[in-house]
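S.K.: File final_4.txt follows (compact mmCIF, C-alpha atoms):
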# COMPACT_ATOMS: atom_id res chain seq x y z
CA MET A 49 -40.86 1.31 27.62
CA SER A 50 -42.63 -2.01 26.99
CA ALA A 51 -44.84 -3.53 29.66
CA PRO A 52 -43.15 -6.22 31.76
CA PRO A 53 -44.17 -9.79 30.94
CA ASP A 54 -46.57 -11.62 33.26
CA ARG A 55 -43.75 -13.84 34.47
CA ASP A 56 -41.77 -10.87 35.84
CA LEU A 57 -44.85 -9.48 37.56
CA ILE A 58 -45.57 -12.85 39.14
CA VAL A 59 -42.00 -13.20 40.41
CA ARG A 60 -42.17 -9.71 41.91
CA ALA A 61 -45.59 -10.41 43.41
CA ARG A 62 -44.21 -13.55 45.02
CA ARG A 63 -41.58 -11.36 46.67
CA GLY A 64 -44.37 -9.33 48.22
CA GLU A 65 -44.67 -6.46 45.73
CA THR A 66 -48.41 -5.92 45.78
CA GLU A 67 -48.14 -3.24 43.06
CA ALA A 68 -46.83 -5.88 40.63
CA PHE A 69 -49.81 -8.05 41.46
CA GLY A 70 -52.05 -5.02 40.96
CA GLU A 71 -50.70 -4.79 37.40
CA LEU A 72 -51.68 -8.41 36.81
CA VAL A 73 -55.15 -7.67 38.17
CA ILE A 74 -55.55 -4.84 35.67
CA ARG A 75 -54.50 -7.14 32.82
CA TYR A 76 -56.84 -10.01 33.67
CA GLN A 77 -59.71 -8.44 35.55
CA THR A 78 -62.07 -8.34 32.54
CA GLY A 79 -61.55 -12.01 31.73
CA VAL A 80 -61.96 -13.06 35.36
CA PHE A 81 -65.03 -10.88 35.80
CA ASN A 82 -66.64 -12.41 32.71
CA VAL A 83 -66.07 -15.94 34.03
CA CYS A 84 -67.87 -14.95 37.24
CA TYR A 85 -70.57 -13.08 35.35
CA ARG A 86 -71.33 -15.95 32.99
CA VAL A 87 -71.52 -18.37 35.91
CA LEU A 88 -73.38 -16.19 38.41
CA SER A 89 -75.40 -13.94 36.07
CA GLU A 90 -75.35 -11.14 38.59
CA ARG A 91 -73.09 -8.19 37.92
CA ARG A 92 -72.38 -6.92 41.44
CA GLU A 93 -71.85 -10.41 42.80
CA ALA A 94 -69.57 -11.24 39.85
CA GLU A 95 -67.41 -8.17 40.54
CA ASP A 96 -67.08 -9.09 44.20
CA LEU A 97 -66.12 -12.66 43.34
CA ALA A 98 -63.66 -11.43 40.71
CA GLN A 99 -61.94 -9.46 43.46
CA GLU A 100 -61.99 -12.48 45.74
CA THR A 101 -60.51 -14.55 42.92
CA PHE A 102 -57.46 -12.32 42.74
CA ILE A 103 -56.98 -12.36 46.50
CA ARG A 104 -57.19 -16.16 46.52
CA ALA A 105 -54.81 -16.29 43.55
CA TYR A 106 -52.28 -14.14 45.39
CA GLU A 107 -52.38 -16.51 48.35
CA ARG A 108 -51.76 -19.46 46.02
CA LEU A 109 -49.23 -17.75 43.76
CA ASP A 110 -46.48 -20.11 44.91
CA THR A 111 -48.38 -23.01 43.32
CA PHE A 112 -48.48 -21.36 39.89
CA ASP A 113 -46.17 -22.89 37.29
CA LEU A 114 -44.19 -20.04 35.74
CA GLU A 115 -43.79 -22.00 32.51
CA ARG A 116 -47.56 -21.85 31.87
CA PRO A 117 -49.68 -18.87 30.81
CA PHE A 118 -51.30 -16.94 33.65
CA GLY A 119 -54.66 -16.31 31.92
CA PRO A 120 -56.06 -19.87 31.90
CA TRP A 121 -54.81 -20.40 35.46
CA ILE A 122 -56.51 -17.34 36.89
CA ARG A 123 -59.73 -18.12 35.00
CA ARG A 124 -59.67 -21.61 36.47
CA VAL A 125 -59.24 -20.10 39.95
CA ALA A 126 -62.24 -17.89 39.19
CA ALA A 127 -64.32 -20.93 38.22
CA ASN A 128 -63.37 -22.62 41.48
CA VAL A 129 -64.24 -19.52 43.49
CA CYS A 130 -67.64 -19.42 41.77
CA LEU A 131 -68.13 -23.13 42.41
CA ASN A 132 -67.40 -22.68 46.13
CA HIS A 133 -69.66 -19.66 46.23
CA MET A 134 -72.52 -21.56 44.62
CA SER A 135 -72.07 -24.46 47.00
CA ALA A 136 -72.32 -22.07 49.91
CA GLN A 137 -75.45 -20.42 48.61
CA ALA A 138 -78.73 -21.95 49.68
CA ALA A 139 -80.62 -20.40 46.81
CA ILE A 140 -79.19 -19.17 43.53
CA HIS A 141 -81.01 -16.54 41.55
CA ALA A 142 -81.15 -17.72 37.99
CA GLU A 143 -82.59 -14.53 36.59
CA LEU A 144 -80.49 -11.65 35.39
CA ASP A 145 -80.86 -8.69 37.68
CA GLU A 146 -83.80 -6.68 36.52
CA GLU A 147 -82.05 -3.40 36.98
CA ARG A 148 -79.44 -4.22 34.36
CA ASP A 149 -82.01 -5.48 31.88
CA ALA A 150 -84.04 -2.30 32.22
CA ASP A 151 -80.96 -0.15 31.68
CA GLU A 152 -79.89 -2.07 28.60
CA ALA A 153 -83.36 -2.04 27.09
CA ASP A 154 -83.46 1.75 27.30
CA ARG A 155 -80.34 2.15 25.18
CA PRO A 156 -80.91 2.83 21.50
CA GLU A 157 -78.08 0.49 20.42
CA ALA A 158 -79.95 -2.44 21.99
CA ALA A 159 -81.89 -2.55 18.75
CA TYR A 160 -78.88 -3.91 16.92
CA GLU A 161 -79.27 -7.52 16.07
CA VAL A 162 -75.89 -8.60 17.41
CA ARG A 163 -76.52 -6.96 20.73
CA GLU A 164 -79.95 -8.51 21.03
CA ARG A 165 -78.53 -11.87 20.15
CA SER A 166 -75.88 -11.53 22.84
CA GLU A 167 -78.45 -10.58 25.41
CA GLN A 168 -80.60 -13.51 24.38
CA ILE A 169 -77.69 -15.91 24.88
CA ARG A 170 -76.80 -14.29 28.19
CA ARG A 171 -80.37 -14.63 29.42
CA ALA A 172 -80.47 -18.23 28.25
CA LEU A 173 -77.25 -18.95 30.16
CA ALA A 174 -78.59 -17.20 33.24
CA ALA A 175 -81.71 -19.34 33.16
CA LEU A 176 -79.69 -22.57 33.33
CA PRO A 177 -79.25 -24.36 36.64
CA PRO A 178 -75.96 -23.27 38.27
CA GLN A 179 -74.21 -26.61 37.72
CA TYR A 180 -75.06 -26.52 34.01
CA ARG A 181 -73.80 -22.96 33.71
CA LEU A 182 -70.50 -23.95 35.28
CA VAL A 183 -70.09 -26.92 32.95
CA VAL A 184 -70.78 -24.69 29.93
CA GLU A 185 -68.28 -22.14 31.25
CA LEU A 186 -65.54 -24.71 31.70
CA ARG A 187 -66.13 -26.44 28.36
CA HIS A 188 -66.95 -23.56 26.02
CA TYR A 189 -65.04 -20.65 27.55
CA GLN A 190 -62.13 -22.38 29.25
CA ASP A 191 -61.77 -25.21 26.75
CA MET A 192 -61.45 -27.92 29.40
CA SER A 193 -61.82 -31.60 28.56
CA TYR A 194 -64.52 -33.74 30.18
CA ASP A 195 -61.91 -35.20 32.54
CA GLU A 196 -60.67 -31.77 33.59
CA ILE A 197 -64.22 -30.57 34.22
CA ALA A 198 -64.96 -33.65 36.31
CA ALA A 199 -61.81 -33.03 38.39
CA THR A 200 -62.53 -29.32 38.81
CA MET A 201 -66.14 -29.80 39.86
CA GLY A 202 -65.61 -33.03 41.75
CA ILE A 203 -68.34 -34.87 39.86
CA PRO A 204 -68.32 -38.12 37.82
CA LEU A 205 -67.51 -38.03 34.12
CA SER A 206 -71.02 -39.27 33.31
CA ASP A 207 -72.47 -36.23 35.10
CA VAL A 208 -70.26 -33.91 33.09
CA LYS A 209 -71.57 -35.41 29.86
CA SER A 210 -75.21 -35.33 30.93
CA HIS A 211 -74.98 -31.78 32.38
CA LEU A 212 -73.37 -30.52 29.22
CA PHE A 213 -75.81 -32.29 26.95
CA ARG A 214 -78.87 -31.03 28.86
CA ALA A 215 -77.44 -27.53 29.15
CA ARG A 216 -76.97 -27.33 25.39
CA LYS A 217 -80.45 -28.67 24.81
CA LEU A 218 -81.91 -25.97 27.05
CA LEU A 219 -79.78 -23.29 25.43
CA ALA A 220 -80.86 -24.42 21.97
CA GLU A 221 -84.50 -24.14 23.02
CA LYS A 222 -84.01 -20.69 24.55
CA ILE A 223 -82.07 -19.13 21.74
CA GLY A 224 -84.01 -20.77 18.94
CA HIS A 225 -81.46 -23.24 17.67
CA ALA A 226 -83.09 -26.37 16.32
CA SER A 227 -79.86 -28.23 16.81
CA ILE A 228 -80.51 -30.96 19.36
CA MET B 88 -78.57 -46.13 12.02
CA HIS B 89 -78.10 -42.43 12.77
CA LEU B 90 -75.67 -40.90 15.25
CA SER B 91 -77.24 -40.02 18.60
CA ASP B 92 -77.31 -36.47 19.96
CA GLU B 93 -74.85 -37.55 22.66
CA GLN B 94 -72.47 -38.87 20.01
CA LEU B 95 -72.66 -35.61 18.05
CA ASN B 96 -71.91 -33.65 21.24
CA GLU B 97 -68.96 -35.85 22.07
CA TYR B 98 -67.77 -35.68 18.47
CA LEU B 99 -67.57 -31.88 18.64
CA ASP B 100 -66.06 -32.02 22.13
CA GLN B 101 -63.26 -34.30 20.87
CA ALA B 102 -64.37 -36.81 23.48
CA LEU B 103 -64.90 -39.87 21.28
CA THR B 104 -62.34 -42.64 21.15
CA ALA B 105 -60.29 -42.85 17.97
CA GLU B 106 -62.32 -45.81 16.77
CA ALA B 107 -65.70 -44.17 17.51
CA ARG B 108 -64.54 -40.97 15.90
CA ALA B 109 -63.50 -42.72 12.71
CA ALA B 110 -66.89 -44.44 12.56
CA ALA B 111 -68.67 -41.11 13.14
CA VAL B 112 -66.65 -39.41 10.38
CA ALA B 113 -67.52 -42.20 7.95
CA HIS B 114 -71.20 -41.99 8.88
CA LEU B 115 -71.34 -38.19 8.60
CA ALA B 116 -69.83 -38.37 5.13
CA ALA B 117 -72.66 -40.60 3.98
CA CYS B 118 -75.64 -39.26 5.99
CA ALA B 119 -77.10 -35.87 5.09
CA ASP B 120 -79.47 -35.91 8.06
CA CYS B 121 -76.73 -36.39 10.67
CA SER B 122 -74.51 -33.94 8.81
CA ALA B 123 -77.26 -31.28 9.03
CA ARG B 124 -77.74 -31.95 12.77
CA LEU B 125 -74.00 -31.61 13.26
CA THR B 126 -73.99 -28.27 11.44
CA ALA B 127 -76.85 -27.03 13.63
CA LEU B 128 -74.99 -28.11 16.76
CA GLN B 129 -71.86 -26.34 15.53
CA GLY B 130 -74.02 -23.24 15.10
CA LEU B 131 -75.13 -23.50 18.72
CA PHE B 132 -71.51 -23.86 19.87
CA ALA B 133 -70.56 -20.79 17.82
CA ALA B 134 -73.48 -18.82 19.28
CA ILE B 135 -72.49 -19.69 22.87
CA GLU B 136 -68.87 -18.82 22.25
CA SER B 137 -69.71 -15.59 20.45
CA LEU B 138 -70.91 -13.99 23.67
CA PRO B 139 -68.94 -10.74 23.96
CA GLU B 140 -67.11 -9.90 27.17
CA GLN B 141 -68.72 -7.31 29.43
CA ALA B 142 -66.74 -4.42 30.87
CA LEU B 143 -66.29 -4.02 34.59
CA SER B 144 -68.01 -1.09 36.23
CA ARG B 145 -64.97 -0.48 38.45
CA ASP B 146 -61.24 -1.11 38.37
CA LEU B 147 -60.29 -4.01 40.62
CA GLY B 148 -56.52 -3.30 40.59
CA GLY B 149 -56.59 -0.69 43.34
CA SER B 150 -59.13 -2.47 45.51
CA VAL B 151 -57.27 -5.80 45.37
CA VAL B 152 -53.96 -4.17 46.30
CA HIS B 153 -55.67 -2.26 49.11
CA ALA B 154 -57.35 -5.44 50.38
CA LEU B 155 -54.03 -7.33 50.35
CA ARG B 156 -52.23 -4.55 52.24
CA HIS B 157 -55.03 -4.31 54.76
CA SER B 158 -54.82 -8.07 55.25
CA PHE B 159 -51.06 -7.87 55.88
CA GLN B 160 -51.52 -5.00 58.34
CA SER B 161 -54.13 -6.97 60.24
CA GLN B 162 -51.79 -9.96 60.38
CA ARG B 163 -49.00 -7.79 61.79
CA GLY B 164 -51.31 -6.10 64.27
CA GLU B 165 -50.72 -2.71 62.70
CA GLY B 166 -54.36 -2.06 62.18
CA LEU B 167 -54.49 0.24 65.22
CA PRO B 168 -55.58 3.81 64.56
CA ARG B 169 -52.68 6.14 63.83
CA TRP B 170 -53.48 8.44 66.75
CA ILE B 171 -53.12 5.57 69.19
CA ARG B 172 -49.67 4.71 67.87
CA LEU B 173 -48.61 8.38 67.94
CA THR B 174 -49.68 8.87 71.55
CA ALA B 175 -47.93 5.71 72.76
CA GLY B 176 -44.96 7.77 74.10
CA LEU B 177 -47.25 10.19 75.84
CA GLN B 178 -49.15 7.36 77.45
CA ALA B 179 -45.89 5.84 78.71
CA ALA B 180 -44.81 9.19 80.26
CA LEU B 181 -48.19 9.56 81.95
CA ALA B 182 -47.89 6.07 83.36
CA VAL B 183 -44.49 6.91 84.90
CA ILE B 184 -45.90 10.14 86.46
CA VAL B 185 -48.82 8.23 87.96
CA LEU B 186 -46.47 5.60 89.34
CA VAL B 187 -44.19 8.21 90.95
CA SER B 188 -47.18 10.09 92.39
CA ALA B 189 -48.53 6.89 93.86
CA ALA B 190 -45.20 5.87 95.40
CA PRO B 191 -45.86 7.39 98.88
CA ILE B 192 -49.24 5.67 99.07
CA LEU B 193 -47.77 2.38 97.97
CA GLN B 194 -45.02 2.77 100.56
CA GLU B 195 -47.62 3.20 103.31
CA VAL B 196 -49.36 0.03 102.25
CA ILE B 197 -46.29 -2.08 101.60
CA SER B 198 -43.90 -1.02 104.43
CA PRO B 199 -45.87 -2.77 107.24
CA ILE B 200 -45.75 -5.98 105.23
CA LEU B 201 -42.04 -5.60 104.60
CA THR B 202 -41.18 -4.93 108.24
CA ALA B 203 -43.24 -7.91 109.41
CA TYR B 204 -41.09 -10.28 107.35
CA LYS B 205 -37.62 -11.10 108.57
CA TRP B 206 -35.29 -10.62 105.61
CA PRO B 207 -31.94 -12.44 105.65
CA SER B 208 -28.84 -10.26 105.59
CA LEU B 209 -26.60 -10.08 102.54
CA ALA B 210 -23.94 -12.17 104.29
CA GLU B 211 -26.50 -14.88 105.00
CA LEU B 212 -27.65 -14.90 101.39
CA LEU B 213 -24.07 -15.15 100.14
CA LEU B 214 -23.37 -18.00 102.55
CA GLN B 215 -26.47 -19.90 101.33
CA PHE B 216 -25.43 -19.38 97.73
CA GLN B 217 -21.85 -20.52 98.40
CA THR B 218 -23.05 -23.69 100.18
CA GLN B 219 -25.38 -24.63 97.35
CA TRP B 220 -22.79 -23.85 94.70
CA THR B 221 -20.21 -26.08 96.42
CA ALA B 222 -22.69 -28.96 96.70
CA TRP B 223 -23.60 -28.60 93.04
CA THR B 224 -19.99 -28.56 91.77
CA GLN B 225 -19.11 -31.57 93.95
CA SER B 226 -22.04 -33.57 92.53
CA ILE B 227 -20.92 -32.72 88.98
CA ALA B 228 -17.32 -33.67 89.74
CA ALA B 229 -18.47 -37.00 91.20
CA PHE B 230 -20.60 -37.84 88.16
CA THR B 231 -19.31 -40.65 85.99
CA PRO B 232 -21.11 -41.32 82.74
CA PRO B 233 -22.10 -44.91 81.91
CA ALA B 234 -19.56 -46.72 79.78
CA LEU B 235 -20.52 -46.84 76.13
CA PRO B 236 -19.41 -49.57 73.73
CA ALA B 237 -16.48 -48.46 71.66
CA LEU B 238 -17.36 -47.33 68.14
CA SER B 239 -16.00 -49.57 65.44
CA VAL B 240 -16.16 -46.70 62.95
CA ASP B 241 -13.30 -44.31 62.81
CA ILE B 242 -14.77 -40.83 62.42
CA SER B 243 -12.24 -38.83 60.50
CA THR B 244 -11.79 -35.08 60.61
CA LEU B 245 -13.08 -34.91 57.04
CA ALA B 246 -16.35 -36.57 58.00
CA LEU B 247 -16.80 -34.24 60.97
CA THR B 248 -16.08 -31.24 58.77
CA SER B 249 -18.64 -32.45 56.21
CA VAL B 250 -21.27 -32.84 58.90
CA ALA B 251 -20.52 -29.36 60.23
CA ILE B 252 -20.72 -27.80 56.75
CA SER B 253 -23.98 -29.65 55.98
CA ALA B 254 -25.50 -28.46 59.24
CA PHE B 255 -24.44 -24.90 58.44
CA LEU B 256 -25.94 -25.07 54.93
CA LEU B 257 -29.16 -26.50 56.34
CA TRP B 258 -29.32 -23.65 58.80
CA VAL B 259 -28.72 -21.04 56.08
CA VAL B 260 -31.33 -22.55 53.72
CA GLY B 261 -33.89 -22.96 56.51
CA ASN B 262 -33.49 -19.38 57.64
CA GLY B 263 -33.55 -18.21 54.03
CA LEU B 264 -36.92 -19.88 53.52
CA LEU B 265 -38.26 -18.40 56.73
CA LEU B 266 -37.07 -14.91 55.76
CA ARG B 267 -38.62 -15.27 52.32
CA ARG B 268 -41.95 -16.21 53.84
CA MET B 269 -41.74 -13.29 56.28
CA THR B 270 -40.86 -10.85 53.50
CA LYS B 271 -43.78 -12.02 51.42
CA SER B 272 -46.24 -11.73 54.26
CA SER B 273 -45.03 -8.23 55.14
Please rewrite the model in this file as structure tokens.
M.R.:
Amino acid sequence: MSAPPDRDLIVRARRGETEAFGELVIRYQTGVFNVCYRVLSERREAEDLAQETFIRAYERLDTFDLERPFGPWIRRVAANVCLNHMSAQAAIHAELDEERDADEADRPEAAYEVRERSEQIRRALAALPPQYRLVVELRHYQDMSYDEIAATMGIPLSDVKSHLFRARKLLAEKIGHASI
Amino acid sequence: MHLSDEQLNEYLDQALTAEARAAAVAHLAACADCSARLTALQGLFAAIESLPEQALSRDLGGSVVHALRHSFQSQRGEGLPRWIRLTAGLQAALAVIVLVSAAPILQEVISPILTAYKWPSLAELLLQFQTQWTAWTQSIAAFTPPALPALSVDISTLALTSVAISAFLLWVVGNGLLLRRMTKSS
């Protein structure tokens, strides 16, 4: 038996079937978690916010347009949840949690070039100021336009451009790209 | 004159106007320096977007469903421990026993108060009720509503029927929406 399409699960979830929503969570949890992880750079916190994202999404499920794909919508909700979370935080830790770094460094496969490169990019992202990280997330991973980013973050278009430009400059310096 | 870094960023972000984009394309075709900077910037974009997704350390499906159910239970006030709900009948029976046991004591306390007050007889109560009832019906019978100006519009049976059907449909739809909301929140 083939898996039910997202649309059916959403309709059932709107009727109050939490199991149907649970199925949607299983389908999109990795993507949502990675949005939170890229923005927050802290694994445990990202998992908690990913869970909160789904709970918020359930509460707003009536506002979802069934004609559109669910993935981009839920990732956008995740970005908003992260944005609210960051606004509420007095201090944001920009460093990756040391525990995870130590674990990864101990693994033999960390020697692979691709893996090292990924870690380097992740560390570079984590070192960015939170607002820059969010702009990079929305532009590079959620493919939003400048206008959409400005609307999502509630900042002027000029700030979107400057945040993105500076973020890329910092990333280029950190990961050794002599691009800008 | 070379393209600025901002222009190269906006070029790759598809954020230039059509006119600016056409000018940038023409310049890039003729300028090796800007073309090389664009290629490097594209490499940075590719590097950022190549970041692989990390796996979760736990499955969120179960915990989200559990959190939603717990939230609904709290909203409905069903978050009481099971043993409290199961002993509700027993508690009610105990309350009745205590009340019956305390009846003689209550009687001792209350009876002096009751005897001190002069209660009207049933006949007196009925007479009071009858008097008031008669006065009330007479005031209603004497009431004459203020004269209203005659309506110039002739309200037909069809119009009245339409209004009645509309009201009924409104009632059905309204209750349907309420039920839907209740079902979802349960």
S.K.: Specify as a CSV table (one decimal) with C-alpha atoms, in the frame of the given file all residues of chain A found within 9 Å of chain B, counting all atoms listed in the file.
M.R.:
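Once everything was written out, this is result03.csv:
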chain,number,residue,atom,x,y,z
A,61,ALA,CA,-45.6,-10.4,43.4
A,62,ARG,CA,-44.2,-13.6,45.0
A,63,ARG,CA,-41.6,-11.4,46.7
A,64,GLY,CA,-44.4,-9.3,48.2
A,65,GLU,CA,-44.7,-6.5,45.7
A,66,THR,CA,-48.4,-5.9,45.8
A,67,GLU,CA,-48.1,-3.2,43.1
A,69,PHE,CA,-49.8,-8.0,41.5
A,70,GLY,CA,-52.0,-5.0,41.0
A,71,GLU,CA,-50.7,-4.8,37.4
A,72,LEU,CA,-51.7,-8.4,36.8
A,73,VAL,CA,-55.2,-7.7,38.2
A,74,ILE,CA,-55.6,-4.8,35.7
A,75,ARG,CA,-54.5,-7.1,32.8
A,77,GLN,CA,-59.7,-8.4,35.6
A,78,THR,CA,-62.1,-8.3,32.5
A,79,GLY,CA,-61.6,-12.0,31.7
A,81,PHE,CA,-65.0,-10.9,35.8
A,82,ASN,CA,-66.6,-12.4,32.7
A,85,TYR,CA,-70.6,-13.1,35.4
A,91,ARG,CA,-73.1,-8.2,37.9
A,92,ARG,CA,-72.4,-6.9,41.4
A,95,GLU,CA,-67.4,-8.2,40.5
A,98,ALA,CA,-63.7,-11.4,40.7
A,99,GLN,CA,-61.9,-9.5,43.5
A,100,GLU,CA,-62.0,-12.5,45.7
A,102,PHE,CA,-57.5,-12.3,42.7
A,103,ILE,CA,-57.0,-12.4,46.5
A,106,TYR,CA,-52.3,-14.1,45.4
A,165,ARG,CA,-78.5,-11.9,20.2
A,166,SER,CA,-75.9,-11.5,22.8
A,167,GLU,CA,-78.4,-10.6,25.4
A,169,ILE,CA,-77.7,-15.9,24.9
A,170,ARG,CA,-76.8,-14.3,28.2
A,173,LEU,CA,-77.2,-19.0,30.2
A,184,VAL,CA,-70.8,-24.7,29.9
A,187,ARG,CA,-66.1,-26.4,28.4
A,188,HIS,CA,-67.0,-23.6,26.0
A,189,TYR,CA,-65.0,-20.6,27.6
A,193,SER,CA,-61.8,-31.6,28.6
A,194,TYR,CA,-64.5,-33.7,30.2
A,209,LYS,CA,-71.6,-35.4,29.9
A,210,SER,CA,-75.2,-35.3,30.9
A,212,LEU,CA,-73.4,-30.5,29.2
A,213,PHE,CA,-75.8,-32.3,27.0
A,216,ARG,CA,-77.0,-27.3,25.4
A,219,LEU,CA,-79.8,-23.3,25.4
A,220,ALA,CA,-80.9,-24.4,22.0
A,223,ILE,CA,-82.1,-19.1,21.7
A,225,HIS,CA,-81.5,-23.2,17.7
A,226,ALA,CA,-83.1,-26.4,16.3
A,227,SER,CA,-79.9,-28.2,16.8
A,228,ILE,CA,-80.5,-31.0,19.4
S.K.: For Met201 in chain A, work out the shell of residues within 10 Å, counting all atoms listed in the file and skipping chain neighbours fewer than 6 positions away, then give it as number ranges by chain.
M.R.: A: 127-128, 131-132, 179, 182-183, 186, 208
S.K.: Check the smallest atom-to-atom distance from each of A:Asp110, A:Arg181, A:Ile203, A:Pro117 to Arg60 in chain A using only C-alpha atoms, then report the winner.
M.R.: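 Looking only at the distances to Arg60 in chain A, the closest residue turns out to be A:Asp110.
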S.K.: Kindly give the distance, in Å, that separates CA of His211 in chain A and CA of Met134 in chain A, rounded to a single decimal.
M.R.: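 One can read the CA of His211 in chain A to CA of Met134 in chain A distance as 16.1 Å.
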S.K.: Taking (-51.1, -18.5, 42.6) in the file's coordinates, which residues come within 12 Å, counting all atoms listed in the file, written as a ChimeraX atom specification?
M.R.: /A:55,58-59,61-62,69,72,101-114,116-126
S.K.: CA of Ala117 in chain B and CA of Leu99 in chain B are how many Å apart?
M.R.: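 Computing it gives 17.8 Å between the two atoms.
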S.K.: So how many Å separate CA of Cys130 in chain A and CA of Ala94 in chain A, to one decimal?
M.R.: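 Computing it gives 8.6 Å between the two atoms.
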S.K.: Specify the axis-aligned box that encloses all atoms of range 222-239 of chain B listed in the file after padding of 3 Å on each side, stating its centre and edge lengths in Å to one decimal as AutoDock Vina command-line options.
M.R.:
--center_x -19.8 --center_y -39.1 --center_z 81.1 --size_x 13.6 --size_y 27.0 --size_z 37.3
